[in-house]
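**Student:** Structure supplied as target-v7.tsv; contents: TSV, C-alpha atoms and all ligand atoms.
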```
chain	number	residue	atom	x	y	z
H	1	MET	CA	18.88	-57.38	40.62
H	2	ARG	CA	17.83	-60.79	41.90
H	3	LEU	CA	14.75	-62.31	40.23
H	4	LEU	CA	12.56	-65.17	41.32
H	5	VAL	CA	10.87	-66.59	38.23
H	6	THR	CA	8.13	-69.16	38.86
H	7	GLY	CA	7.29	-71.68	36.15
H	8	GLY	CA	10.56	-71.08	34.29
H	9	CYS	CA	10.57	-74.59	32.81
H	10	GLY	CA	7.30	-73.90	30.99
H	11	PHE	CA	6.82	-72.33	27.59
H	12	ILE	CA	6.80	-68.58	28.27
H	13	GLY	CA	8.84	-68.77	31.50
H	14	SER	CA	11.80	-70.51	29.81
H	15	ASN	CA	11.75	-68.05	26.90
H	16	PHE	CA	11.60	-65.20	29.42
H	17	ILE	CA	14.63	-66.39	31.44
H	18	CYS	CA	16.62	-66.78	28.22
H	19	TYR	CA	15.60	-63.23	27.18
H	20	TRP	CA	16.39	-61.71	30.60
H	21	LEU	CA	19.82	-63.33	31.10
H	22	LYS	CA	20.88	-62.22	27.60
H	23	LYS	CA	19.80	-58.63	28.24
H	24	TYR	CA	20.66	-58.04	31.90
H	25	HIS	CA	24.11	-59.62	32.37
H	26	GLY	CA	24.59	-58.81	36.06
H	27	ASP	CA	21.17	-60.08	37.20
H	28	LYS	CA	20.65	-63.38	38.98
H	29	VAL	CA	17.64	-65.55	38.18
H	30	LEU	CA	16.27	-68.30	40.41
H	31	ASN	CA	13.71	-70.52	38.69
H	32	LEU	CA	11.15	-72.25	40.95
H	33	ASP	CA	9.23	-74.92	39.06
H	34	LYS	CA	7.37	-78.06	40.09
H	35	LEU	CA	8.07	-79.78	36.76
H	36	THR	CA	4.48	-80.78	36.04
H	37	TYR	CA	3.58	-82.37	32.69
H	38	ALA	CA	4.19	-78.88	31.20
H	39	GLY	CA	7.59	-78.18	32.79
H	40	HIS	CA	10.64	-79.45	30.93
H	41	LEU	CA	14.30	-79.18	31.92
H	42	SER	CA	14.98	-79.61	28.19
H	43	SER	CA	13.56	-76.09	27.72
H	44	THR	CA	16.33	-74.59	29.87
H	45	ILE	CA	19.39	-76.01	28.10
H	46	ASP	CA	20.26	-72.69	26.44
H	47	PHE	CA	20.95	-71.11	29.86
H	48	ASP	CA	21.18	-73.81	32.53
H	49	GLU	CA	24.96	-73.45	32.72
H	50	ASN	CA	24.87	-69.66	33.06
H	51	LYS	CA	26.51	-68.78	36.39
H	52	ASN	CA	23.72	-66.29	37.14
H	53	TYR	CA	21.02	-68.97	36.84
H	54	SER	CA	19.83	-71.47	39.43
H	55	PHE	CA	16.93	-73.90	39.64
H	56	VAL	CA	14.82	-75.23	42.50
H	57	LYS	CA	12.30	-78.00	41.90
H	58	GLY	CA	9.33	-77.15	44.09
H	59	ASP	CA	5.66	-76.30	44.34
H	60	ILE	CA	4.49	-72.68	44.73
H	61	CYS	CA	1.74	-73.93	47.06
H	62	TYR	CA	4.31	-74.85	49.74
H	63	PRO	CA	5.07	-71.80	51.94
H	64	GLU	CA	8.39	-73.23	53.26
H	65	ILE	CA	9.91	-73.74	49.79
H	66	VAL	CA	8.57	-70.41	48.58
H	67	ALA	CA	9.98	-68.59	51.66
H	68	LYS	CA	13.42	-70.09	51.01
H	69	CYS	CA	13.37	-69.06	47.35
H	70	MET	CA	12.14	-65.55	48.20
H	71	LYS	CA	15.24	-64.63	50.28
H	72	ASN	CA	16.95	-61.46	48.98
H	73	VAL	CA	14.68	-61.34	45.93
H	74	ASP	CA	14.07	-57.92	44.32
H	75	ILE	CA	11.63	-58.91	41.57
H	76	VAL	CA	9.17	-61.79	41.32
H	77	VAL	CA	7.96	-62.73	37.84
H	78	HIS	CA	5.12	-65.18	38.31
H	79	PHE	CA	4.43	-67.52	35.36
H	80	ALA	CA	3.76	-70.81	37.20
H	81	ALA	CA	0.24	-72.00	36.48
H	82	GLU	CA	-1.92	-74.73	35.13
H	83	SER	CA	-2.45	-73.16	31.73
H	84	HIS	CA	-4.41	-75.49	29.46
H	85	VAL	CA	-8.16	-74.85	29.03
H	86	ASP	CA	-8.84	-78.43	27.88
H	87	ARG	CA	-7.24	-79.84	31.05
H	88	SER	CA	-9.27	-77.40	33.15
H	89	ILE	CA	-12.41	-78.99	31.70
H	90	THR	CA	-11.31	-82.56	32.54
H	91	ASP	CA	-9.73	-81.73	35.96
H	92	PRO	CA	-10.52	-78.25	37.38
H	93	THR	CA	-9.32	-78.79	40.97
H	94	ILE	CA	-5.60	-78.44	40.32
H	95	PHE	CA	-6.31	-75.11	38.59
H	96	SER	CA	-7.76	-73.58	41.74
H	97	ARG	CA	-4.92	-75.01	43.82
H	98	THR	CA	-1.99	-73.84	41.72
H	99	ASN	CA	-3.36	-70.68	40.15
H	100	VAL	CA	-5.22	-69.29	43.17
H	101	LEU	CA	-3.66	-70.77	46.32
H	102	GLY	CA	-0.16	-70.86	44.77
H	103	THR	CA	-0.39	-67.18	43.83
H	104	GLN	CA	-1.48	-66.28	47.34
H	105	VAL	CA	1.41	-68.19	48.92
H	106	LEU	CA	3.79	-66.24	46.68
H	107	LEU	CA	2.13	-62.91	47.49
H	108	ASP	CA	2.45	-63.56	51.25
H	109	ALA	CA	6.13	-64.43	50.93
H	110	ALA	CA	6.82	-61.45	48.66
H	111	LEU	CA	5.18	-59.13	51.17
H	112	ARG	CA	7.29	-60.48	54.04
H	113	VAL	CA	10.62	-59.78	52.28
H	114	LYS	CA	9.35	-56.48	50.79
H	115	VAL	CA	10.14	-57.20	47.14
H	116	LYS	CA	10.54	-54.19	44.86
H	117	ARG	CA	8.11	-55.69	42.36
H	118	PHE	CA	5.70	-58.58	42.01
H	119	HIS	CA	4.88	-59.04	38.34
H	120	HIS	CA	1.94	-61.33	37.64
H	121	VAL	CA	1.71	-62.94	34.21
H	122	SER	CA	-1.91	-63.34	33.21
H	123	THR	CA	-4.13	-63.92	30.21
H	124	ASP	CA	-6.77	-62.16	28.09
H	125	GLU	CA	-9.09	-65.11	28.81
H	126	VAL	CA	-10.17	-63.44	32.08
H	127	PHE	CA	-12.41	-61.17	29.99
H	128	GLY	CA	-14.50	-64.00	28.52
H	129	ASP	CA	-15.12	-63.78	24.79
H	130	LEU	CA	-16.53	-61.55	22.05
H	131	PRO	CA	-19.11	-62.41	19.36
H	132	LEU	CA	-17.36	-63.53	16.15
H	133	ASN	CA	-18.49	-60.45	14.23
H	134	SER	CA	-17.70	-58.00	17.04
H	135	LYS	CA	-15.49	-55.00	16.35
H	136	HIS	CA	-14.78	-54.57	20.06
H	137	LYS	CA	-11.46	-55.32	21.70
H	138	PHE	CA	-10.61	-56.11	25.32
H	139	ARG	CA	-9.15	-53.15	27.22
H	140	GLU	CA	-7.82	-52.72	30.73
H	141	ASP	CA	-11.26	-51.52	31.91
H	142	THR	CA	-13.21	-54.41	30.34
H	143	LEU	CA	-15.21	-56.26	33.00
H	144	TYR	CA	-13.94	-59.70	34.02
H	145	ASN	CA	-16.20	-62.48	32.74
H	146	PRO	CA	-14.15	-65.70	32.67
H	147	HIS	CA	-15.73	-68.80	31.11
H	148	SER	CA	-13.44	-71.80	31.58
H	149	PRO	CA	-12.19	-73.06	34.97
H	150	TYR	CA	-8.71	-72.01	33.74
H	151	ALA	CA	-9.83	-68.45	33.01
H	152	ALA	CA	-11.78	-68.28	36.29
H	153	SER	CA	-8.71	-69.33	38.29
H	154	LYS	CA	-6.52	-66.78	36.49
H	155	ALA	CA	-9.15	-64.09	37.11
H	156	ALA	CA	-9.13	-64.97	40.82
H	157	SER	CA	-5.33	-64.73	40.87
H	158	ASP	CA	-5.46	-61.27	39.21
H	159	HIS	CA	-7.93	-60.10	41.88
H	160	LEU	CA	-5.67	-61.42	44.66
H	161	VAL	CA	-2.66	-59.63	43.20
H	162	ARG	CA	-4.59	-56.33	43.11
H	163	ALA	CA	-5.95	-56.93	46.62
H	164	TYR	CA	-2.40	-57.31	47.97
H	165	HIS	CA	-1.55	-53.98	46.37
H	166	TYR	CA	-4.57	-52.10	47.72
H	167	THR	CA	-4.61	-53.70	51.17
H	168	PHE	CA	-0.93	-54.22	51.95
H	169	GLY	CA	0.82	-51.89	49.50
H	170	LEU	CA	2.66	-54.69	47.66
H	171	PRO	CA	4.21	-53.13	44.51
H	172	VAL	CA	2.52	-55.18	41.79
H	173	THR	CA	2.03	-55.04	38.03
H	174	ILE	CA	-0.03	-57.36	35.81
H	175	THR	CA	0.09	-58.20	32.11
H	176	ASN	CA	-2.81	-59.97	30.38
H	177	GLY	CA	-1.43	-61.48	27.20
H	178	ALA	CA	-2.92	-62.97	24.04
H	179	ASN	CA	-2.28	-66.52	22.78
H	180	ASN	CA	1.50	-66.97	22.59
H	181	TYR	CA	3.34	-69.07	20.02
H	182	GLY	CA	7.00	-69.96	19.54
H	183	PRO	CA	9.64	-72.52	20.58
H	184	CYS	CA	9.23	-74.89	23.55
H	185	GLN	CA	5.43	-74.83	23.75
H	186	ASP	CA	4.01	-78.16	24.88
H	187	PRO	CA	2.51	-80.13	21.96
H	188	GLU	CA	-0.87	-80.20	23.74
H	189	LYS	CA	-1.55	-76.60	22.66
H	190	PHE	CA	-3.07	-75.75	19.28
H	191	MET	CA	-0.13	-74.48	17.30
H	192	PRO	CA	2.55	-77.01	18.34
H	193	ARG	CA	-0.05	-79.82	18.17
H	194	ALA	CA	-0.91	-78.83	14.60
H	195	ILE	CA	2.74	-78.50	13.52
H	196	THR	CA	3.93	-81.75	15.13
H	197	ASN	CA	0.91	-83.62	13.73
H	198	LEU	CA	1.90	-82.56	10.21
H	199	ILE	CA	5.54	-83.54	10.82
H	200	GLU	CA	4.14	-86.96	11.76
H	201	ASN	CA	1.95	-86.95	8.63
H	202	THR	CA	-1.28	-86.73	10.67
H	203	PRO	CA	-3.96	-84.09	9.99
H	204	ILE	CA	-4.45	-80.98	12.12
H	205	LYS	CA	-7.44	-81.38	14.43
H	206	LEU	CA	-9.79	-78.37	14.44
H	207	TYR	CA	-12.44	-78.00	17.12
H	208	GLY	CA	-16.01	-77.38	15.95
H	209	LYS	CA	-16.19	-75.40	12.71
H	210	GLY	CA	-12.72	-73.87	13.19
H	211	ASP	CA	-14.28	-70.40	13.16
H	212	ASN	CA	-13.04	-69.31	16.61
H	213	ILE	CA	-10.74	-66.29	16.51
H	214	ARG	CA	-7.57	-65.83	18.53
H	215	ASN	CA	-4.97	-63.05	18.60
H	216	TRP	CA	-1.42	-64.46	18.24
H	217	LEU	CA	1.57	-63.01	20.09
H	218	TYR	CA	5.11	-64.24	19.41
H	219	VAL	CA	6.55	-65.32	22.75
H	220	GLU	CA	9.52	-62.93	22.59
H	221	ASP	CA	7.09	-60.04	22.15
H	222	TYR	CA	5.37	-61.09	25.39
H	223	CYS	CA	8.80	-61.25	27.09
H	224	SER	CA	9.70	-57.73	25.95
H	225	ALA	CA	6.29	-56.46	27.10
H	226	ILE	CA	6.80	-57.96	30.57
H	227	ASP	CA	10.31	-56.45	30.66
H	228	LEU	CA	8.94	-53.01	29.78
H	229	VAL	CA	6.16	-53.20	32.35
H	230	ILE	CA	8.65	-54.24	35.06
H	231	THR	CA	11.09	-51.46	34.17
H	232	LYS	CA	8.74	-48.63	33.10
H	233	GLY	CA	5.21	-49.67	34.12
H	234	LYS	CA	3.28	-47.95	36.85
H	235	ILE	CA	2.90	-49.80	40.13
H	236	GLY	CA	-0.62	-51.14	40.69
H	237	GLU	CA	-1.41	-51.07	36.96
H	238	THR	CA	-2.49	-53.69	34.44
H	239	TYR	CA	-1.37	-53.77	30.79
H	240	LEU	CA	-2.95	-55.78	27.96
H	241	VAL	CA	-0.57	-57.33	25.44
H	242	GLY	CA	-1.79	-58.24	21.94
H	243	GLY	CA	0.20	-59.71	19.05
H	244	SER	CA	0.72	-58.69	15.43
H	245	SER	CA	-1.62	-61.25	13.83
H	246	LYS	CA	-4.55	-60.01	11.76
H	247	GLU	CA	-7.97	-61.27	12.73
H	248	LEU	CA	-7.58	-64.99	11.96
H	249	THR	CA	-9.89	-67.93	12.60
H	250	ASN	CA	-8.36	-71.22	13.71
H	251	TYR	CA	-9.16	-72.48	10.21
H	252	ASP	CA	-7.16	-69.59	8.68
H	253	VAL	CA	-4.19	-70.49	10.91
H	254	ALA	CA	-4.52	-74.18	10.01
H	255	ARG	CA	-4.59	-73.26	6.27
H	256	LEU	CA	-1.42	-71.20	6.71
H	257	ILE	CA	0.33	-74.06	8.52
H	258	VAL	CA	-0.60	-76.74	5.95
H	259	GLY	CA	0.51	-74.25	3.27
H	260	PHE	CA	3.98	-73.92	4.86
H	261	PHE	CA	4.22	-77.73	4.68
H	262	GLY	CA	3.25	-77.69	0.98
H	263	LEU	CA	0.07	-79.62	1.84
H	264	ASP	CA	-3.62	-78.87	1.30
H	265	LYS	CA	-6.86	-78.81	3.27
H	266	LYS	CA	-7.12	-82.62	3.21
H	267	TYR	CA	-4.72	-82.33	6.16
H	268	ILE	CA	-7.31	-80.50	8.26
H	269	LYS	CA	-9.81	-82.67	10.14
H	270	PHE	CA	-12.75	-81.28	12.13
H	271	VAL	CA	-13.31	-82.87	15.54
H	272	LYS	CA	-15.71	-82.45	18.46
H	273	ASP	CA	-15.90	-78.88	19.77
H	274	ARG	CA	-14.59	-77.83	23.18
H	275	SER	CA	-17.29	-77.36	25.80
H	276	GLY	CA	-17.84	-73.62	26.41
H	277	HIS	CA	-15.42	-72.76	23.59
H	278	ASP	CA	-14.67	-69.01	23.68
H	279	ARG	CA	-15.53	-67.54	20.29
H	280	LYS	CA	-13.20	-64.60	19.88
H	281	TYR	CA	-10.39	-62.77	21.70
H	282	ALA	CA	-9.18	-59.35	20.52
H	283	ILE	CA	-6.89	-56.98	22.40
H	284	ASP	CA	-6.37	-53.23	22.44
H	285	SER	CA	-2.74	-52.70	23.57
H	286	THR	CA	-2.82	-48.89	23.36
H	287	LYS	CA	-1.91	-48.45	27.04
H	288	LEU	CA	1.24	-50.56	26.72
H	289	LYS	CA	2.14	-48.89	23.42
H	290	THR	CA	2.19	-45.52	25.20
H	291	LEU	CA	5.12	-46.94	27.24
H	292	GLY	CA	6.95	-47.48	23.93
H	293	TRP	CA	6.16	-51.15	23.19
H	294	GLN	CA	5.34	-52.59	19.76
H	295	PRO	CA	5.07	-56.26	18.76
H	296	LYS	CA	8.22	-56.78	16.64
H	297	TYR	CA	7.46	-60.18	15.16
H	298	ASP	CA	5.41	-60.38	11.97
H	299	PHE	CA	2.89	-63.24	12.25
H	300	ASP	CA	3.40	-65.08	8.94
H	301	LYS	CA	7.20	-64.88	9.10
H	302	TRP	CA	7.44	-66.04	12.72
H	303	LEU	CA	4.85	-68.76	12.23
H	304	SER	CA	7.14	-70.12	9.52
H	305	LYS	CA	10.18	-69.82	11.82
H	306	THR	CA	8.24	-71.55	14.60
H	307	ILE	CA	7.45	-74.43	12.22
H	308	ASP	CA	11.17	-74.65	11.36
H	309	TRP	CA	12.01	-74.80	15.08
H	310	TYR	CA	9.71	-77.81	15.64
H	311	LYS	CA	11.10	-79.49	12.49
H	312	LYS	CA	14.69	-79.06	13.74
H	313	ASN	CA	14.01	-79.90	17.37
H	314	THR	CA	12.13	-83.19	17.19
H	315	TRP	CA	14.29	-84.35	20.16
H	316	TRP	CA	12.48	-81.73	22.28
H	317	TRP	CA	8.84	-82.57	21.49
H	318	ARG	CA	8.83	-86.26	20.47
H	319	PRO	CA	9.04	-87.53	24.08
H	320	LEU	CA	5.99	-85.35	24.92
H	321	LYS	CA	3.79	-86.13	21.96
H	322	ALA	CA	2.25	-89.44	23.02
H	323	LYS	CA	1.15	-88.00	26.38
H	324	ALA	CA	-0.39	-84.99	24.64
H	325	GLU	CA	-2.39	-87.17	22.25
H	326	ASN	CA	-3.54	-89.33	25.18
H	327	LEU	CA	-5.33	-86.28	26.58
H	328	TYR	CA	-7.23	-85.94	23.30
H	329	ARG	CA	-7.99	-89.66	23.21
H	330	LYS	CA	-9.79	-89.08	26.54
H	331	THR	CA	-11.66	-86.00	25.30
H	332	GLY	CA	-12.48	-87.61	21.94
H	333	GLN	CA	-10.77	-84.82	19.95
H	334	ILE	CA	-8.42	-87.10	18.03
H	401	LIG	P1	3.05	-73.74	30.72
H	401	LIG	O1	1.89	-74.62	31.06
H	401	LIG	O2	3.83	-74.02	29.48
H	401	LIG	O3	4.08	-73.72	31.93
H	401	LIG	C1	3.68	-73.64	33.26
H	401	LIG	C2	4.90	-73.93	34.13
H	401	LIG	O4	4.51	-73.79	35.50
H	401	LIG	C3	5.46	-75.35	33.98
H	401	LIG	O5	6.86	-75.32	33.89
H	401	LIG	C4	5.01	-76.06	35.25
H	401	LIG	O6	5.89	-77.11	35.65
H	401	LIG	C5	5.00	-74.91	36.24
H	401	LIG	N1	4.08	-75.17	37.36
H	401	LIG	C6	2.79	-75.57	37.30
H	401	LIG	N2	2.29	-75.73	38.54
H	401	LIG	C7	3.27	-75.37	39.41
H	401	LIG	C8	3.37	-75.30	40.83
H	401	LIG	N3	2.33	-75.63	41.60
H	401	LIG	N4	4.52	-74.88	41.37
H	401	LIG	C9	5.59	-74.55	40.59
H	401	LIG	N5	5.56	-74.61	39.25
H	401	LIG	C10	4.42	-75.02	38.66
H	401	LIG	O7	2.46	-72.28	30.70
H	401	LIG	P2	2.82	-71.05	29.73
H	401	LIG	O8	2.08	-71.20	28.46
H	401	LIG	O9	4.29	-70.86	29.72
H	401	LIG	O10	2.13	-69.85	30.54
H	401	LIG	C11	2.84	-69.17	31.57
H	401	LIG	C12	1.94	-68.14	32.20
H	401	LIG	O11	1.47	-67.24	31.20
H	401	LIG	C13	0.69	-68.75	32.83
H	401	LIG	O12	0.43	-68.09	34.04
H	401	LIG	C14	-0.43	-68.49	31.83
H	401	LIG	O13	-1.67	-68.33	32.47
H	401	LIG	C15	0.06	-67.19	31.20
H	401	LIG	N6	-0.34	-66.98	29.79
H	401	LIG	C16	-0.13	-67.95	28.84
H	401	LIG	C17	-0.47	-67.69	27.51
H	401	LIG	C18	-0.22	-68.71	26.41
H	401	LIG	O14	-0.64	-68.48	25.28
H	401	LIG	N7	0.50	-69.80	26.66
H	401	LIG	C19	-1.03	-66.46	27.16
H	401	LIG	C20	-1.20	-65.50	28.15
H	401	LIG	C21	-0.84	-65.77	29.46
H	402	LIG	P1	-5.21	-73.43	22.83
H	402	LIG	O1	-3.82	-73.48	22.26
H	402	LIG	O2	-5.64	-74.55	23.72
H	402	LIG	O3	-5.37	-72.02	23.54
H	402	LIG	P2	-6.67	-71.32	24.20
H	402	LIG	O4	-7.78	-72.30	24.30
H	402	LIG	O5	-6.14	-70.92	25.53
H	402	LIG	O6	-7.00	-70.16	23.31
H	402	LIG	O7	-6.25	-73.36	21.62
H	402	LIG	C1	-6.24	-72.28	20.70
H	402	LIG	C2	-7.49	-72.41	19.84
H	402	LIG	O8	-7.38	-73.59	19.02
H	402	LIG	C3	-8.77	-72.58	20.63
H	402	LIG	O9	-9.81	-71.91	19.91
H	402	LIG	C4	-9.02	-74.08	20.62
H	402	LIG	C5	-8.48	-74.50	19.28
H	402	LIG	N1	-7.87	-75.85	19.17
H	402	LIG	C6	-8.18	-76.64	18.04
H	402	LIG	O10	-8.98	-76.26	17.17
H	402	LIG	N2	-7.54	-77.84	17.91
H	402	LIG	C7	-6.65	-78.32	18.83
H	402	LIG	O11	-6.09	-79.43	18.64
H	402	LIG	C8	-6.38	-77.51	19.99
H	402	LIG	C9	-5.40	-77.98	21.03
H	402	LIG	C10	-7.00	-76.27	20.11
```
Kindly return the structure encoded in the file as C-alpha cells.
**Tutor:**
Amino acid sequence: MRLLVTGGCGFIGSNFICYWLKKYHGDKVLNLDKLTYAGHLSSTIDFDENKNYSFVKGDICYPEIVAKCMKNVDIVVHFAAESHVDRSITDPTIFSRTNVLGTQVLLDAALRVKVKRFHHVSTDEVFGDLPLNSKHKFREDTLYNPHSPYAASKAASDHLVRAYHYTFGLPVTITNGANNYGPCQDPEKFMPRAITNLIENTPIKLYGKGDNIRNWLYVEDYCSAIDLVITKGKIGETYLVGGSSKELTNYDVARLIVGFFGLDKKYIKFVKDRSGHDRKYAIDSTKLKTLGWQPKYDFDKWLSKTIDWYKKNTWWWRPLKAKAENLYRKTGQI
C-alpha cells in the first residue's frame, strides 16, 4: 500500500508514521507537511532514513502540491491541522484556512485519483463540553456543538469529509480522539508544558481553578485505533476514541506530575482562565471496542514514561520552549 500522511512532522502524525512503518514493512509512506511552528523534522529521526519513507515540505491548501503528492496513493491519513485551542483564540483565521480549506483541497485530490480510503483524524472537541458533574459521555450520535474556533474548524472539516462520502462516494472514515499525550508533543500543550516547566524548575501553570476534566489517550493507542479503523472500520463511519485515564481534573493531573518529580503543590500556580474553556470531555468508545480495540497503555505508568522521555530528550524540546512561553506571555497565562 502507498500512504499519504499529512502533518507527519507533528505530534500524532510522527508517532503514527513510526508505528505504521514498523508494522507494515512493505508499505510506502509519503509525509506532506508545511513545517509550521508545530512541525518538527526532529520528530522524524527514528524513521527518516527508512527506504519506504519520503517527505515533501508543502501546504495542504495548495492544489498543485497536493495533486503531485496524491499520485498512486491508496490511503490518505489526514492529520495536518492547526491544533491548539489557545492559538485559535488569538488568531482564528489560519484555523479556517488549514483545517477547512486544506481538508477540502485534499478531498478533491483524493476523489480525482480514486483513493481506496480517506481517513480523517479529528477530535472529541467537536461535541462541545459536558457539565463537570455530568455522567454522560460523547458518542458517535452526539450532536456537534463546537465552542472554540479550533473545534469549529475541525467540526466543519468532519462535515466536509462526510459530504464527500455522501455526494461523491469517496470512501472515508473518521476518528474523533481524546486528548493525546506522549513523546514529541509541542511544549505549548498542557502536559509537555507542565513537564518541561518542572524540568526547568518553574511551576506548572493551571488555568482557572484547574477543575476542568479531560480524557487522556496515550498517542500509540490513538495510532492503533486509526490503524484498526483503516483496516477493519466500515466506510462512511465515525469512531470515537477514548483513553484509559480515570476521570481526572487538570489539578489531579498536575498533582500526579509534581509527584513523579518528588515535588509538592507549591509547584502548581493558578493563572488566568482560557476564554470559553470547555469544562469536561468524556468519551464512550464502545463502537470502536466492538471492532476489537482496547487502550493498552495504563495512564499512571505511561504518564511516568512520558515524563522520562522529556527528561531524556531535552535536545528535542529545549529549542521550542522559549517560543511556547512567548505565546503565554501574550495571553497572560505565565
Ligand atoms: P500538531 O499541531 O502537533 O501537528 C500538526 C502538523 O500539521 C504539524 O506538523 C504542522 O506542520 C502540520 N501542518 C499544519 N498546517 C499545515 C498545512 N497547511 N499544510 C501541511 N501541513 C500542515 O497536531 P497533533 O496534536 O499531532 O494533531 C494531529 C491531528 O489530530 C489534528 O488534526 C488534530 O485536530 C487531531 N487531534 C489531536 C489531538 C491531541 O490531543 N493532540 C486529539 C485528537 C485529535
Ligand atoms: P491543551 O493541551 O491545550 O488541550 P485542549 O485544550 O485541546 O484540551 O489543554 C488541556 C487542558 O489543560 C485544558 O483544560 C487547558 C488546560 N491547560 C492548563 O491548565 N495550563 C496550561 O498551561 C495549558 C497549556 C493548558
**Student:** When the cut-off is 7 Å and you count all atoms listed in the file, which residues lie near ligand LIG 401 (chain H), shown as an NGL selection string?
**Tutor:** :H and (6-13 or 32-40 or 58-61 or 78-84 or 98 or 102 or 121-124 or 154 or 176-181 or 185-186)
**Student:** If you keep C-alpha atoms, can you produce a file of those selected residues as an mmCIF file, in the coordinates of the input?
**Tutor:**
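Output file again26.cif is given in full below:
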```cif
data_model
loop_
_atom_site.group_PDB
_atom_site.id
_atom_site.type_symbol
_atom_site.label_atom_id
_atom_site.label_comp_id
_atom_site.auth_asym_id
_atom_site.auth_seq_id
_atom_site.Cartn_x
_atom_site.Cartn_y
_atom_site.Cartn_z
ATOM 1 C CA THR H 6 8.130 -69.160 38.860
ATOM 2 C CA GLY H 7 7.290 -71.680 36.150
ATOM 3 C CA GLY H 8 10.560 -71.080 34.290
ATOM 4 C CA CYS H 9 10.570 -74.590 32.810
ATOM 5 C CA GLY H 10 7.300 -73.900 30.990
ATOM 6 C CA PHE H 11 6.820 -72.330 27.590
ATOM 7 C CA ILE H 12 6.800 -68.580 28.270
ATOM 8 C CA GLY H 13 8.840 -68.770 31.500
ATOM 9 C CA LEU H 32 11.150 -72.250 40.950
ATOM 10 C CA ASP H 33 9.230 -74.920 39.060
ATOM 11 C CA LYS H 34 7.370 -78.060 40.090
ATOM 12 C CA LEU H 35 8.070 -79.780 36.760
ATOM 13 C CA THR H 36 4.480 -80.780 36.040
ATOM 14 C CA TYR H 37 3.580 -82.370 32.690
ATOM 15 C CA ALA H 38 4.190 -78.880 31.200
ATOM 16 C CA GLY H 39 7.590 -78.180 32.790
ATOM 17 C CA HIS H 40 10.640 -79.450 30.930
ATOM 18 C CA GLY H 58 9.330 -77.150 44.090
ATOM 19 C CA ASP H 59 5.660 -76.300 44.340
ATOM 20 C CA ILE H 60 4.490 -72.680 44.730
ATOM 21 C CA CYS H 61 1.740 -73.930 47.060
ATOM 22 C CA HIS H 78 5.120 -65.180 38.310
ATOM 23 C CA PHE H 79 4.430 -67.520 35.360
ATOM 24 C CA ALA H 80 3.760 -70.810 37.200
ATOM 25 C CA ALA H 81 0.240 -72.000 36.480
ATOM 26 C CA GLU H 82 -1.920 -74.730 35.130
ATOM 27 C CA SER H 83 -2.450 -73.160 31.730
ATOM 28 C CA HIS H 84 -4.410 -75.490 29.460
ATOM 29 C CA THR H 98 -1.990 -73.840 41.720
ATOM 30 C CA GLY H 102 -0.160 -70.860 44.770
ATOM 31 C CA VAL H 121 1.710 -62.940 34.210
ATOM 32 C CA SER H 122 -1.910 -63.340 33.210
ATOM 33 C CA THR H 123 -4.130 -63.920 30.210
ATOM 34 C CA ASP H 124 -6.770 -62.160 28.090
ATOM 35 C CA LYS H 154 -6.520 -66.780 36.490
ATOM 36 C CA ASN H 176 -2.810 -59.970 30.380
ATOM 37 C CA GLY H 177 -1.430 -61.480 27.200
ATOM 38 C CA ALA H 178 -2.920 -62.970 24.040
ATOM 39 C CA ASN H 179 -2.280 -66.520 22.780
ATOM 40 C CA ASN H 180 1.500 -66.970 22.590
ATOM 41 C CA TYR H 181 3.340 -69.070 20.020
ATOM 42 C CA GLN H 185 5.430 -74.830 23.750
ATOM 43 C CA ASP H 186 4.010 -78.160 24.880
#
```
**Student:** Would you work out the distance separating atom O8 of ligand LIG 402 (chain H) from CA of Leu206 in chain H, expressed in Å to one decimal?
**Tutor:**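 About the pair atom O8 of ligand LIG 402 (chain H) and CA of Leu206 in chain H: they are 7.0 Å apart.
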**Student:** Which residues sit within 9 Å of ligand LIG 402 (chain H), counting all atoms listed in the file, listed as number ranges by chain?
**Tutor:** H: 83-86, 123, 125, 150-151, 178-181, 187-194, 204-215, 249-251, 254, 270-271, 273-274, 277-281, 328, 333-334
**Student:** Just the number, please: distance in Å from CA of His119 in chain H to CA of Val76 in chain H, one decimal.
**Tutor:** 5.9 Å
**Student:** Which is closer to Val219 in chain H than all the others in H:Gly233, H:Pro149, H:Gly242, H:Gly128, using all atoms listed in the file?
**Tutor:**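 Closest candidate: H:Gly242.
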**Student:** Can you work out the spacing between CA of Ile89 in chain H and CA of Thr314 in chain H in Å, to one decimal?
**Tutor:** 28.8 Å
**Student:** If the box runs along x, y and z of the file and leaves 3 Å on each side of range 174-178 of chain H, what are its centre and edge lengths in Å, one decimal, as lines of an AutoDock Vina configuration file?
**Tutor:**
```
center_x = -1.4
center_y = -60.2
center_z = 29.9
size_x = 9.0
size_y = 11.6
size_z = 17.8
```
**Student:** Smallest atom-to-atom distance to Lys301 in chain H: which of H:Trp317, H:Phe47, H:Phe168, H:Phe260, using only C-alpha atoms?
**Tutor:** H:Phe260
**Student:** Looking at H:Leu160, H:Val229, H:Val115, H:Leu132, which one is nearest to Glu247 in chain H, with distances taken over all atoms listed in the file?
**Tutor:**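 That would be H:Leu132, the residue with the smallest distance to Glu247 in chain H.
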**Student:** So, with all atoms listed in the file as the atoms that count, which of H:Ile235, H:Leu3, H:Val105, H:Cys223 lies closest to Gly26 in chain H?
**Tutor:** H:Leu3
**Student:** With 12 Å as the threshold, what does the neighbourhood of (22.2, -58.9, 41.2) contain in terms of residues, counting only C-alpha atoms? Coordinates are those of the file; answer as JSON, numbers by chain.
**Tutor:** {"H": [1, 2, 3, 4, 21, 24, 25, 26, 27, 28, 29, 30, 51, 52, 53, 72, 73, 74, 75]}
**Student:** Name the residues in contact with Pro183 in chain H at a cut-off of 8 Å, using all atoms listed in the file, excluding same-chain residues fewer than 4 positions from it; report them as an NGL selection string.
**Tutor:** :H and (11 or 306 or 309-310)
